[in-house]
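Single-structure report; data block below.
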Amino acid sequence: MIPKENVSEYQPKLIKKIVLTLCWILVLFVSGAEVREINLPGCSHDEPQIRYRAISDEEFVLQCALPDRDATHIYSNSLLKQHKVKWFWHQTHNEPLKAIKESSNPALQGDALWFKPVRDSASGVYVCMIREKIPCLKIVLEVQTKKAAKCSGYDTNMLYLLAGKGNSIACPGTKCYSHIKKPDVKWYKDGHQIKHRKSRQSLKLKHNEIYLNPTYDKDAGIYVCDYTLYDNTTKWTMRTAVTVEVIEKNTIHPPNFLYPNGVVILEAELGKPLELECRVQFGFERSLMRVTWKRNNKENINEKLNQETSVYTNGLKGHTFLHVAKLNEVTERDLRSNFTCFAENSVGNATAMIQLKRKQRVFLSHILCSAISTLFAFLLCTAFIYQHWIEIVLMYRSYLVHNETTGDGKEFDAFVSYAKLDSSESDSTLISEEKFALELLPDMLENKHGYKLCILERDILPGGAYTDEVVTAIKQSRRAIIILSPAYISGPSIFELQAAVNCALEDKKIKLVLIKFQAFQEPETLPPVVRKALRILPVITWKSSISAVPNKKFWKYMHYHMPVKTPKVLGHCSLKGFFRRLFSLVYR
């Protein structure tokens, strides 16, 4: 029994022991999960098919591919293959296999495992599997130091070759194992085997080296060289890699500003964020290249501008720097400052400047007033054109349009059709149809505007058949002027309207001009073609009067519907005269 007075002291100790025990169980469980053995069916008793040797602290690559002496590539960077390949390894046979997951070193790329670089600790047995292709492939990798591999004059694994010049690439691995005879080296570039090709006479393979004369930009890449060596009776493939970068001679020019060029004035709005861009072109070089923004040509340590740089490589032509200074909000001090972009390389330096100018705000009221003024002017012009459309068209035709009657083969400009009434039927106080047709129309259209009218009683000699004469006269005319009245609609003259409609349907050059001389009602006996013409054709209404003066608008419409004819007096047919008459419409 535990005394009651000690219960309070005992409980915390008990809880602490329980928590500690659970932690140990969890640690053992996790530890067991990490080191548990991975069983690969059908792979545990297989012997290694390939053995590689590598030099420590150098770049190295392993491909998951069965041994093939005629293979033309040693790796593929295809992502499709990467998802199908699984890699495992252990350092000794006594250790369980461990799965190789995504990491920076070694890195999974396509069907290969890249070591950048390979360490002594990477030595061991590697197992790879490709679904439905390679069930199990064992690869032994032995990593040695240059001293253990008896390397002498080991060449660098990073080469810089001058473009356009003759260069050579030596296999670093041939400088090792000098006590062992070596066969020919196999070279690979970016995974593909290098062979002498007729298309590239400048590339030659001699004495286990690659000779390039001249060297091109495309010769840059990762070169891998393999050769076979036997250590006692064990066959090994010695693999080393060389990274080649093709360079140009260092530039002899200072930086060149693409933007700004000289002094640029930039509009800025107070309180708003702003980015100052500086684009600089540098020639090819591998030494110092620097771009920075300065305020008033000074680098103030206490005030650092927020600056970012992006570098774009232009191959052997050099680099383009995009350097941006960010202002969170433009202040009065910024408007008074000169922002200088300073660029420097090994040859020299250059500067360019941006000055900020206060941006004038465009007020909404100004925009609104401009929009209303524009809309008002548009509506005014539209109303003017609508009101004076006939006059504008007549002026345009008088001055700027050629004569449309030339060469059409017609004798008359218009055929006039009206109702023939006895003198007892006419109203003496008003102009009769006959007087309108025989006096007013000729006076206005022939004497004033130069048209030639066809009036049966005046221009056609009697003796022929009436119907034939009407049809012939209409076909020889460009227009048919029909003077409509109750007497015309209900009398024999309606035949002339019917004949005019039929002629207009046959000859598109003939157009009908209907004049409503007096109000009338359409009789039911009207032919369908005449009834349809009365409904769809435009009608000009004559206001009853004893003279032609009050009907100025009527005569403008008549002139509008007549053919376009060039005035006889050519002196008036000028653009100056056209605009003079147009302005007279505005100011009258």
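Chains: A, B, ... in order of the structure tokens. Residues: from 1 per chain. Ligands: from 1, in order shown.
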
Near-Ser152 (chain A) list (12 Å; only C-alpha atoms; drop same-chain fewer than 2 positions) as an mmCIF file with C-alpha atoms, in the first residue's frame:
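Result written to result-v5.cif:
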```
data_model
loop_
_atom_site.group_PDB
_atom_site.id
_atom_site.type_symbol
_atom_site.label_atom_id
_atom_site.label_comp_id
_atom_site.auth_asym_id
_atom_site.auth_seq_id
_atom_site.Cartn_x
_atom_site.Cartn_y
_atom_site.Cartn_z
ATOM 1 C CA THR A 145 40.215 8.523 -55.266
ATOM 2 C CA LYS A 146 42.693 9.760 -57.860
ATOM 3 C CA LYS A 147 45.485 8.429 -55.664
ATOM 4 C CA ALA A 148 43.965 4.949 -55.352
ATOM 5 C CA ALA A 149 43.344 4.857 -59.126
ATOM 6 C CA LYS A 150 46.964 5.861 -59.710
ATOM 7 C CA TYR A 154 44.421 13.965 -64.431
ATOM 8 C CA ASP A 155 42.716 16.461 -66.750
ATOM 9 C CA THR A 156 39.983 18.737 -65.538
ATOM 10 C CA PRO A 172 40.346 12.173 -67.993
ATOM 11 C CA GLY A 173 40.043 8.474 -67.134
ATOM 12 C CA THR A 174 42.888 7.478 -69.455
ATOM 13 C CA LYS A 175 45.302 9.206 -67.048
ATOM 14 C CA CYS A 176 44.489 6.560 -64.410
ATOM 15 C CA TYR A 177 45.520 2.908 -64.068
ATOM 16 C CA SER A 178 48.716 3.558 -65.986
ATOM 17 C CA HIS A 179 49.878 0.006 -65.147
#
```

Shell around region 511-527 of chain A at 8 Å using only C-alpha atoms, local window under 5 positions removed, as JSON, numbers by chain: {"A": [433, 478, 479, 480, 481, 482, 483, 484, 485, 486, 489, 490, 498, 500, 501, 504, 537, 538, 539, 540, 541, 542, 543, 544, 561]}

Mind dumping the selected residues with C-alpha atoms as a short mmCIF file (atom, residue, chain, number, x, y, z; two decimals), in the first residue's frame?
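result.cif written:
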```
data_model
loop_
_atom_site.label_atom_id
_atom_site.label_comp_id
_atom_site.auth_asym_id
_atom_site.auth_seq_id
_atom_site.Cartn_x
_atom_site.Cartn_y
_atom_site.Cartn_z
CA GLU A 433 -52.33 68.99 -115.33
CA ARG A 478 -34.08 57.51 -119.05
CA ARG A 479 -36.97 58.45 -116.77
CA ALA A 480 -40.74 58.19 -116.95
CA ILE A 481 -42.48 61.10 -115.18
CA ILE A 482 -46.04 60.07 -114.27
CA ILE A 483 -48.42 62.87 -113.17
CA LEU A 484 -51.01 61.13 -110.99
CA SER A 485 -54.54 62.44 -110.46
CA PRO A 486 -58.07 60.98 -110.23
CA ILE A 489 -55.94 56.75 -112.54
CA SER A 490 -59.47 56.21 -113.89
CA GLN A 498 -48.44 50.24 -117.10
CA ALA A 500 -43.58 52.41 -118.18
CA VAL A 501 -43.55 49.80 -115.39
CA ALA A 504 -38.51 49.59 -116.36
CA LEU A 537 -42.09 53.56 -105.72
CA PRO A 538 -41.27 56.99 -104.18
CA VAL A 539 -43.90 59.67 -104.78
CA ILE A 540 -43.31 63.47 -105.00
CA THR A 541 -46.33 65.53 -103.94
CA TRP A 542 -47.29 68.73 -105.81
CA LYS A 543 -48.93 71.40 -103.70
CA SER A 544 -51.76 73.00 -105.64
CA HIS A 561 -34.61 61.98 -109.28
#
```

Interatomic distance, CA of Tyr560 (chain A) to CA of Glu439 (chain A) (Å, one decimal): 20.0 Å

DSSP helix (DSSP H, G or I) selection over region 155-247 of chain A, as a ChimeraX atom specification: /A:172-175,217-219

Closest of A:Glu404, A:Asp507, A:Asp111, A:Asp468 to Ile130 (chain A) - atom-to-atom distances counting only C-alpha atoms: A:Asp111

DSSP-assigned strand (DSSP E) among region 258-492 of chain A, expressed as a ChimeraX atom specification: /A:258-259,263-268,274-282,289-295,306-313,319-327,338-345,349-358,412-417,453-454,477-484

Generate the output file for the selected residues, C-alpha atoms, as a short mmCIF file (atom, residue, chain, number, x, y, z; two decimals), in the first residue's frame.
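Written out: result-v1.cif:
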```cif
data_model
loop_
_atom_site.label_atom_id
_atom_site.label_comp_id
_atom_site.auth_asym_id
_atom_site.auth_seq_id
_atom_site.Cartn_x
_atom_site.Cartn_y
_atom_site.Cartn_z
CA LEU A 258 19.28 49.42 -74.75
CA TYR A 259 17.03 51.43 -72.39
CA VAL A 263 18.33 60.87 -70.36
CA VAL A 264 14.69 59.73 -70.38
CA ILE A 265 11.87 61.71 -68.74
CA LEU A 266 9.19 59.44 -67.29
CA GLU A 267 5.79 60.58 -66.06
CA ALA A 268 4.91 59.41 -62.53
CA LEU A 274 6.58 52.69 -60.11
CA GLU A 275 9.17 50.39 -61.71
CA LEU A 276 12.31 51.81 -63.29
CA GLU A 277 13.65 49.46 -65.98
CA CYS A 278 17.21 49.34 -67.22
CA ARG A 279 18.19 47.01 -70.11
CA VAL A 280 21.91 46.59 -70.79
CA GLN A 281 23.69 44.52 -73.45
CA PHE A 282 27.03 42.97 -72.41
CA MET A 289 29.32 42.22 -65.06
CA ARG A 290 27.34 44.51 -62.81
CA VAL A 291 24.24 46.72 -63.11
CA THR A 292 22.80 48.90 -60.33
CA TRP A 293 20.50 51.89 -59.83
CA LYS A 294 21.71 55.01 -58.00
CA ARG A 295 19.79 58.03 -56.77
CA ASN A 306 14.53 47.59 -54.03
CA GLN A 307 16.30 46.14 -57.07
CA GLU A 308 15.96 42.92 -59.08
CA THR A 309 18.07 41.58 -61.95
CA SER A 310 17.14 39.10 -64.70
CA VAL A 311 19.87 37.79 -67.03
CA TYR A 312 19.11 36.57 -70.55
CA THR A 313 21.85 34.64 -72.37
CA HIS A 319 24.14 38.60 -72.09
CA THR A 320 21.27 41.02 -71.69
CA PHE A 321 20.60 42.31 -68.18
CA LEU A 322 17.14 43.55 -67.17
CA HIS A 323 17.59 45.50 -63.95
CA VAL A 324 14.48 46.88 -62.22
CA ALA A 325 14.27 49.31 -59.30
CA LYS A 326 10.88 49.32 -57.56
CA LEU A 327 9.45 52.38 -55.83
CA ASN A 338 17.79 61.75 -60.91
CA PHE A 339 17.87 57.94 -61.11
CA THR A 340 21.08 56.72 -62.73
CA CYS A 341 21.54 53.19 -64.08
CA PHE A 342 25.21 52.23 -63.76
CA ALA A 343 26.59 49.28 -65.78
CA GLU A 344 30.13 47.96 -65.52
CA ASN A 345 32.27 45.19 -67.04
CA ASN A 349 31.34 51.36 -67.54
CA ALA A 350 28.38 53.32 -68.87
CA THR A 351 25.46 55.24 -67.39
CA ALA A 352 21.95 56.29 -68.36
CA MET A 353 19.45 58.40 -66.48
CA ILE A 354 15.70 58.57 -65.79
CA GLN A 355 14.10 61.75 -64.50
CA LEU A 356 10.58 61.67 -63.08
CA LYS A 357 7.95 64.21 -64.08
CA ARG A 358 4.68 64.77 -62.28
CA PHE A 412 -34.68 61.70 -124.03
CA ASP A 413 -34.00 62.33 -120.37
CA ALA A 414 -37.63 61.80 -119.36
CA PHE A 415 -40.97 60.77 -120.87
CA VAL A 416 -43.91 62.83 -119.49
CA SER A 417 -47.27 61.08 -118.96
CA LEU A 453 -38.26 65.85 -122.18
CA CYS A 454 -40.45 63.69 -124.41
CA SER A 477 -36.11 57.82 -122.25
CA ARG A 478 -34.08 57.51 -119.05
CA ARG A 479 -36.97 58.45 -116.77
CA ALA A 480 -40.74 58.19 -116.95
CA ILE A 481 -42.48 61.10 -115.18
CA ILE A 482 -46.04 60.07 -114.27
CA ILE A 483 -48.42 62.87 -113.17
CA LEU A 484 -51.01 61.13 -110.99
#
```
